[in-house]
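The data block below is upload-v1.cif; it holds mmCIF, N, CA and C atoms.
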```
data_run
#
loop_
_atom_site.label_atom_id
_atom_site.label_comp_id
_atom_site.auth_asym_id
_atom_site.auth_seq_id
_atom_site.Cartn_x
_atom_site.Cartn_y
_atom_site.Cartn_z
N MET A 1 72.60 -22.14 -130.02
CA MET A 1 73.82 -21.95 -130.78
C MET A 1 73.51 -22.11 -132.26
N ILE A 2 74.20 -21.36 -133.06
CA ILE A 2 74.01 -21.40 -134.51
C ILE A 2 74.85 -22.54 -135.07
N PRO A 3 74.25 -23.39 -135.93
CA PRO A 3 75.05 -24.47 -136.54
C PRO A 3 76.27 -23.90 -137.26
N GLY A 4 77.38 -24.57 -137.09
CA GLY A 4 78.61 -24.13 -137.75
C GLY A 4 79.33 -23.05 -136.97
N GLY A 5 78.78 -22.62 -135.82
CA GLY A 5 79.46 -21.65 -134.97
C GLY A 5 79.41 -20.23 -135.47
N GLY A 6 78.67 -19.93 -136.52
CA GLY A 6 78.61 -18.57 -137.05
C GLY A 6 77.72 -17.66 -136.23
N GLN A 7 77.78 -16.39 -136.51
CA GLN A 7 76.92 -15.41 -135.84
C GLN A 7 75.52 -15.46 -136.45
N PRO A 8 74.51 -15.20 -135.64
CA PRO A 8 73.16 -15.17 -136.20
C PRO A 8 73.01 -14.02 -137.19
N ASN A 9 72.25 -14.25 -138.21
CA ASN A 9 71.97 -13.22 -139.20
C ASN A 9 70.96 -12.26 -138.58
N MET A 10 71.42 -11.06 -138.19
CA MET A 10 70.56 -10.11 -137.49
C MET A 10 69.38 -9.68 -138.34
N GLN A 11 69.58 -9.51 -139.62
CA GLN A 11 68.49 -9.11 -140.50
C GLN A 11 67.40 -10.18 -140.49
N GLN A 12 67.82 -11.43 -140.55
CA GLN A 12 66.87 -12.54 -140.54
C GLN A 12 66.14 -12.59 -139.19
N LEU A 13 66.86 -12.40 -138.10
CA LEU A 13 66.24 -12.39 -136.78
C LEU A 13 65.23 -11.26 -136.64
N LEU A 14 65.58 -10.09 -137.14
CA LEU A 14 64.67 -8.95 -137.07
C LEU A 14 63.42 -9.18 -137.92
N GLN A 15 63.59 -9.78 -139.08
CA GLN A 15 62.44 -10.09 -139.93
C GLN A 15 61.52 -11.11 -139.24
N GLN A 16 62.15 -12.10 -138.60
CA GLN A 16 61.37 -13.12 -137.89
C GLN A 16 60.60 -12.49 -136.73
N ALA A 17 61.24 -11.60 -135.99
CA ALA A 17 60.58 -10.91 -134.87
C ALA A 17 59.45 -10.03 -135.38
N GLN A 18 59.66 -9.34 -136.49
CA GLN A 18 58.63 -8.48 -137.05
C GLN A 18 57.43 -9.30 -137.51
N LYS A 19 57.69 -10.46 -138.12
CA LYS A 19 56.60 -11.33 -138.56
C LYS A 19 55.80 -11.82 -137.36
N MET A 20 56.49 -12.21 -136.29
CA MET A 20 55.80 -12.65 -135.09
C MET A 20 54.93 -11.54 -134.51
N GLN A 21 55.46 -10.33 -134.53
CA GLN A 21 54.71 -9.18 -134.01
C GLN A 21 53.47 -8.94 -134.87
N GLN A 22 53.59 -9.05 -136.17
CA GLN A 22 52.44 -8.88 -137.06
C GLN A 22 51.42 -9.99 -136.84
N ASP A 23 51.90 -11.22 -136.69
CA ASP A 23 51.00 -12.35 -136.44
C ASP A 23 50.25 -12.16 -135.12
N LEU A 24 50.95 -11.67 -134.10
CA LEU A 24 50.34 -11.43 -132.80
C LEU A 24 49.28 -10.33 -132.91
N ALA A 25 49.58 -9.25 -133.60
CA ALA A 25 48.61 -8.16 -133.78
C ALA A 25 47.38 -8.65 -134.54
N ARG A 26 47.59 -9.46 -135.56
CA ARG A 26 46.47 -9.99 -136.34
C ARG A 26 45.60 -10.90 -135.46
N ALA A 27 46.24 -11.74 -134.64
CA ALA A 27 45.49 -12.64 -133.76
C ALA A 27 44.69 -11.84 -132.73
N GLN A 28 45.28 -10.76 -132.21
CA GLN A 28 44.57 -9.92 -131.24
C GLN A 28 43.36 -9.24 -131.88
N GLU A 29 43.51 -8.81 -133.13
CA GLU A 29 42.38 -8.20 -133.85
C GLU A 29 41.27 -9.23 -134.06
N GLU A 30 41.65 -10.45 -134.41
CA GLU A 30 40.66 -11.50 -134.60
C GLU A 30 39.93 -11.80 -133.29
N LEU A 31 40.67 -11.81 -132.19
CA LEU A 31 40.05 -12.06 -130.88
C LEU A 31 39.04 -10.97 -130.55
N ALA A 32 39.40 -9.72 -130.81
CA ALA A 32 38.50 -8.60 -130.51
C ALA A 32 37.22 -8.67 -131.34
N ALA A 33 37.30 -9.27 -132.52
CA ALA A 33 36.14 -9.34 -133.42
C ALA A 33 35.32 -10.62 -133.23
N THR A 34 35.87 -11.61 -132.57
CA THR A 34 35.18 -12.89 -132.39
C THR A 34 34.37 -12.87 -131.10
N GLU A 35 33.13 -13.33 -131.18
CA GLU A 35 32.28 -13.38 -130.00
C GLU A 35 32.09 -14.82 -129.57
N VAL A 36 32.10 -15.04 -128.26
CA VAL A 36 31.83 -16.35 -127.68
C VAL A 36 30.74 -16.18 -126.63
N GLU A 37 30.07 -17.28 -126.32
CA GLU A 37 28.93 -17.22 -125.41
C GLU A 37 29.17 -18.12 -124.21
N GLY A 38 28.59 -17.73 -123.11
CA GLY A 38 28.54 -18.57 -121.92
C GLY A 38 27.13 -18.52 -121.40
N GLN A 39 26.71 -19.58 -120.71
CA GLN A 39 25.35 -19.59 -120.21
C GLN A 39 25.30 -20.23 -118.84
N SER A 40 24.19 -19.99 -118.16
CA SER A 40 23.96 -20.61 -116.86
C SER A 40 22.47 -20.88 -116.71
N GLY A 41 22.14 -21.65 -115.68
CA GLY A 41 20.75 -21.97 -115.43
C GLY A 41 20.11 -22.73 -116.57
N GLY A 42 20.89 -23.58 -117.22
CA GLY A 42 20.34 -24.34 -118.34
C GLY A 42 19.93 -23.48 -119.51
N GLY A 43 20.61 -22.35 -119.68
CA GLY A 43 20.33 -21.46 -120.79
C GLY A 43 19.40 -20.31 -120.44
N LEU A 44 19.03 -20.19 -119.16
CA LEU A 44 18.16 -19.08 -118.76
C LEU A 44 18.87 -17.73 -118.89
N VAL A 45 20.18 -17.74 -118.68
CA VAL A 45 20.97 -16.51 -118.81
C VAL A 45 22.13 -16.81 -119.76
N LYS A 46 22.28 -15.96 -120.77
CA LYS A 46 23.36 -16.12 -121.75
C LYS A 46 24.13 -14.82 -121.84
N ALA A 47 25.45 -14.93 -121.76
CA ALA A 47 26.32 -13.77 -121.89
C ALA A 47 27.19 -13.95 -123.13
N THR A 48 27.40 -12.86 -123.85
CA THR A 48 28.26 -12.87 -125.02
C THR A 48 29.42 -11.92 -124.77
N VAL A 49 30.64 -12.42 -124.96
CA VAL A 49 31.84 -11.60 -124.82
C VAL A 49 32.69 -11.76 -126.06
N THR A 50 33.58 -10.79 -126.28
CA THR A 50 34.54 -10.93 -127.37
C THR A 50 35.64 -11.87 -126.91
N GLY A 51 36.43 -12.31 -127.85
CA GLY A 51 37.56 -13.17 -127.53
C GLY A 51 38.57 -12.48 -126.63
N SER A 52 38.52 -11.16 -126.57
CA SER A 52 39.42 -10.42 -125.68
C SER A 52 38.76 -10.13 -124.33
N GLY A 53 37.52 -10.60 -124.13
CA GLY A 53 36.89 -10.50 -122.82
C GLY A 53 35.92 -9.35 -122.62
N GLU A 54 35.59 -8.61 -123.66
CA GLU A 54 34.67 -7.48 -123.53
C GLU A 54 33.23 -7.99 -123.58
N LEU A 55 32.43 -7.66 -122.55
CA LEU A 55 31.03 -8.08 -122.50
C LEU A 55 30.27 -7.33 -123.58
N ARG A 56 29.60 -8.08 -124.46
CA ARG A 56 28.86 -7.49 -125.58
C ARG A 56 27.36 -7.65 -125.47
N GLY A 57 26.91 -8.70 -124.78
CA GLY A 57 25.48 -8.91 -124.70
C GLY A 57 25.11 -9.79 -123.53
N LEU A 58 23.86 -9.61 -123.07
CA LEU A 58 23.34 -10.39 -121.97
C LEU A 58 21.87 -10.64 -122.25
N VAL A 59 21.48 -11.90 -122.31
CA VAL A 59 20.09 -12.27 -122.56
C VAL A 59 19.58 -13.02 -121.34
N ILE A 60 18.46 -12.53 -120.80
CA ILE A 60 17.86 -13.15 -119.62
C ILE A 60 16.46 -13.63 -119.98
N ASP A 61 16.26 -14.93 -119.87
CA ASP A 61 14.93 -15.51 -120.13
C ASP A 61 13.98 -15.00 -119.04
N PRO A 62 12.79 -14.59 -119.41
CA PRO A 62 11.83 -14.10 -118.41
C PRO A 62 11.57 -15.10 -117.29
N LYS A 63 11.74 -16.40 -117.55
CA LYS A 63 11.55 -17.41 -116.50
C LYS A 63 12.55 -17.26 -115.37
N ALA A 64 13.68 -16.61 -115.65
CA ALA A 64 14.71 -16.44 -114.63
C ALA A 64 14.43 -15.25 -113.72
N VAL A 65 13.44 -14.45 -114.07
CA VAL A 65 13.16 -13.23 -113.31
C VAL A 65 12.08 -13.51 -112.27
N ASP A 66 12.49 -13.45 -111.01
CA ASP A 66 11.57 -13.58 -109.89
C ASP A 66 11.81 -12.38 -108.98
N PRO A 67 10.88 -11.43 -108.93
CA PRO A 67 11.07 -10.23 -108.12
C PRO A 67 11.36 -10.55 -106.65
N GLU A 68 10.94 -11.72 -106.20
CA GLU A 68 11.17 -12.10 -104.80
C GLU A 68 12.57 -12.71 -104.59
N ASP A 69 13.27 -13.00 -105.69
CA ASP A 69 14.57 -13.67 -105.57
C ASP A 69 15.55 -13.10 -106.59
N THR A 70 15.95 -11.88 -106.38
CA THR A 70 16.91 -11.26 -107.31
C THR A 70 18.32 -11.79 -107.12
N GLU A 71 18.61 -12.37 -105.95
CA GLU A 71 19.95 -12.92 -105.70
C GLU A 71 20.26 -14.08 -106.65
N THR A 72 19.29 -14.93 -106.88
CA THR A 72 19.52 -16.05 -107.79
C THR A 72 19.77 -15.54 -109.20
N LEU A 73 19.01 -14.54 -109.62
CA LEU A 73 19.23 -13.96 -110.95
C LEU A 73 20.63 -13.37 -111.04
N ALA A 74 21.05 -12.65 -110.02
CA ALA A 74 22.40 -12.07 -110.01
C ALA A 74 23.45 -13.18 -110.11
N ASP A 75 23.25 -14.27 -109.37
CA ASP A 75 24.18 -15.40 -109.43
C ASP A 75 24.23 -16.01 -110.83
N LEU A 76 23.07 -16.12 -111.47
CA LEU A 76 23.01 -16.66 -112.83
C LEU A 76 23.75 -15.75 -113.82
N VAL A 77 23.59 -14.44 -113.64
CA VAL A 77 24.29 -13.49 -114.53
C VAL A 77 25.79 -13.62 -114.34
N VAL A 78 26.24 -13.63 -113.10
CA VAL A 78 27.68 -13.76 -112.83
C VAL A 78 28.21 -15.07 -113.42
N ALA A 79 27.48 -16.16 -113.23
CA ALA A 79 27.93 -17.45 -113.74
C ALA A 79 28.00 -17.46 -115.27
N ALA A 80 27.01 -16.83 -115.93
CA ALA A 80 27.02 -16.80 -117.40
C ALA A 80 28.18 -15.97 -117.92
N VAL A 81 28.44 -14.82 -117.27
CA VAL A 81 29.56 -13.98 -117.70
C VAL A 81 30.88 -14.70 -117.47
N GLN A 82 30.99 -15.40 -116.33
CA GLN A 82 32.22 -16.15 -116.06
C GLN A 82 32.41 -17.26 -117.09
N ALA A 83 31.34 -17.96 -117.44
CA ALA A 83 31.43 -19.02 -118.45
C ALA A 83 31.86 -18.45 -119.80
N ALA A 84 31.31 -17.29 -120.15
CA ALA A 84 31.70 -16.65 -121.41
C ALA A 84 33.17 -16.25 -121.37
N ASN A 85 33.62 -15.70 -120.25
CA ASN A 85 35.03 -15.32 -120.13
C ASN A 85 35.94 -16.54 -120.16
N ASP A 86 35.52 -17.64 -119.57
CA ASP A 86 36.30 -18.87 -119.66
C ASP A 86 36.44 -19.30 -121.12
N ASN A 87 35.35 -19.20 -121.87
CA ASN A 87 35.40 -19.55 -123.30
C ASN A 87 36.30 -18.58 -124.06
N ALA A 88 36.28 -17.31 -123.67
CA ALA A 88 37.16 -16.33 -124.32
C ALA A 88 38.62 -16.65 -124.03
N GLN A 89 38.92 -17.06 -122.80
CA GLN A 89 40.31 -17.42 -122.47
C GLN A 89 40.77 -18.64 -123.24
N ALA A 90 39.87 -19.59 -123.42
CA ALA A 90 40.23 -20.78 -124.22
C ALA A 90 40.51 -20.36 -125.66
N LEU A 91 39.71 -19.45 -126.18
CA LEU A 91 39.93 -18.95 -127.53
C LEU A 91 41.28 -18.21 -127.61
N GLN A 92 41.60 -17.43 -126.58
CA GLN A 92 42.89 -16.73 -126.55
C GLN A 92 44.04 -17.73 -126.58
N GLN A 93 43.92 -18.80 -125.82
CA GLN A 93 44.98 -19.81 -125.81
C GLN A 93 45.14 -20.43 -127.19
N ASP A 94 44.01 -20.70 -127.85
CA ASP A 94 44.07 -21.28 -129.19
C ASP A 94 44.75 -20.34 -130.18
N LYS A 95 44.40 -19.04 -130.10
CA LYS A 95 44.93 -18.07 -131.06
C LYS A 95 46.33 -17.60 -130.72
N LEU A 96 46.58 -17.34 -129.42
CA LEU A 96 47.85 -16.72 -129.03
C LEU A 96 48.87 -17.73 -128.52
N GLY A 97 48.42 -18.89 -128.10
CA GLY A 97 49.34 -19.88 -127.55
C GLY A 97 50.50 -20.21 -128.47
N PRO A 98 50.23 -20.55 -129.73
CA PRO A 98 51.34 -20.87 -130.63
C PRO A 98 52.28 -19.68 -130.85
N LEU A 99 51.74 -18.47 -130.84
CA LEU A 99 52.59 -17.30 -131.03
C LEU A 99 53.47 -17.07 -129.80
N ALA A 100 52.90 -17.27 -128.63
CA ALA A 100 53.67 -17.09 -127.40
C ALA A 100 54.77 -18.14 -127.30
N GLN A 101 54.48 -19.36 -127.75
CA GLN A 101 55.49 -20.40 -127.74
C GLN A 101 56.64 -20.02 -128.68
N GLY A 102 56.30 -19.39 -129.80
CA GLY A 102 57.33 -18.96 -130.74
C GLY A 102 58.22 -17.89 -130.13
N LEU A 103 57.63 -17.05 -129.28
CA LEU A 103 58.41 -16.00 -128.64
C LEU A 103 59.21 -16.53 -127.47
N GLY A 104 58.60 -17.37 -126.63
CA GLY A 104 59.26 -17.82 -125.42
C GLY A 104 59.89 -19.19 -125.56
N GLY A 105 59.62 -19.86 -126.61
CA GLY A 105 60.10 -21.22 -126.77
C GLY A 105 61.40 -21.31 -127.51
N GLY A 106 62.21 -20.29 -127.41
CA GLY A 106 63.51 -20.33 -128.08
C GLY A 106 63.40 -20.04 -129.56
N GLY A 107 62.33 -19.35 -129.97
CA GLY A 107 62.14 -19.06 -131.38
C GLY A 107 63.21 -18.15 -131.94
N ILE A 108 63.70 -17.22 -131.12
CA ILE A 108 64.73 -16.30 -131.58
C ILE A 108 65.85 -16.30 -130.54
N PRO A 109 66.96 -16.95 -130.85
CA PRO A 109 68.06 -17.03 -129.88
C PRO A 109 68.59 -15.63 -129.55
N GLY A 110 68.88 -15.46 -128.25
CA GLY A 110 69.50 -14.21 -127.82
C GLY A 110 68.52 -13.12 -127.45
N LEU A 111 67.23 -13.31 -127.74
CA LEU A 111 66.25 -12.31 -127.36
C LEU A 111 65.60 -12.73 -126.05
N PRO A 112 65.23 -11.75 -125.21
CA PRO A 112 64.79 -12.08 -123.85
C PRO A 112 63.37 -12.66 -123.75
N PHE A 113 62.65 -12.80 -124.85
CA PHE A 113 61.28 -13.33 -124.74
C PHE A 113 61.13 -14.66 -125.41
#
```
This entry written out as structure tokens:
Amino acid sequence: MIPGGGQPNMQQLLQQAQKMQQDLARAQEELAATEVEGQSGGGLVKATVTGSGELRGLVIDPKAVDPEDTETLADLVVAAVQAANDNAQALQQDKLGPLAQGLGGGGIPGLPF
């Protein structure tokens, strides 16, 4: 409810929504440009992903390569990529969490988000 029982200023609400949208777009651009790393096997396999989850790089230490045991290497790669994606999700929460709270936390009365 608006203090004093008045109607909300629609222009002000629209400006606030537009600013939130711009802040969200800027945060998404930053996420796409930021790289995070995950590793497994004590650093034998390292995966690099963007903050938005795009796999950008994979480094495999030659010590991790055993032609007789490719399953372990595959497991290490999956674990490193998962660790990198977990780090990307944490970064997303840091960047987008406050913006989402502004949208869903009653930031703009009367709007459905």
I need the residue nearest Ala79 in chain A from this list: A:Leu31, A:Val36, A:Met20, A:Ala47. Use only N, CA and C atoms for the distance. A:Ala47
Please, which residues of chain A, numbered as in this document, come out helix (DSSP H, G or I) from DSSP, as a VMD selection string? chain A and resid 3 to 5 10 to 33 41 to 43 62 to 64 70 to 104
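Atom N of Glu68 in chain A lies 28.1 Å from CA of Asn85 in chain A.
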So what does the PyMOL selection byres (((chain A and resi 48-59 and name CA) around 12) and name CA) actually pick up in this one, as number ranges by chain? A: 27-40, 43-47, 60-65, 73, 76-96
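Computed from the coordinates, the atom N of Gly97 in chain A to atom C of Arg26 in chain A distance equals 11.2 Å.
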Listed atoms of range 27-33 of chain A, axis-aligned box, 5 Å per side: centre and edge lengths to one decimal in Å, as JSON?
```
{"center_x": 40.8, "center_y": -10.4, "center_z": -132.6, "size_x": 20.9, "size_y": 14.4, "size_z": 14.1}
```
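Those residues of chain A that DSSP, working from the backbone, places in strand (DSSP E or B) are Glu35, Val36, Glu37, Gly38, Gln39, Ser40, Val45, Lys46, Ala47, Thr48, Val49, Thr50, Leu55, Arg56, Gly57, Leu58, Val59 and Ile60 of chain A.
Between atom N of Lys19 in chain A and CA of Pro98 in chain A the interatomic distance comes to 14.3 Å.
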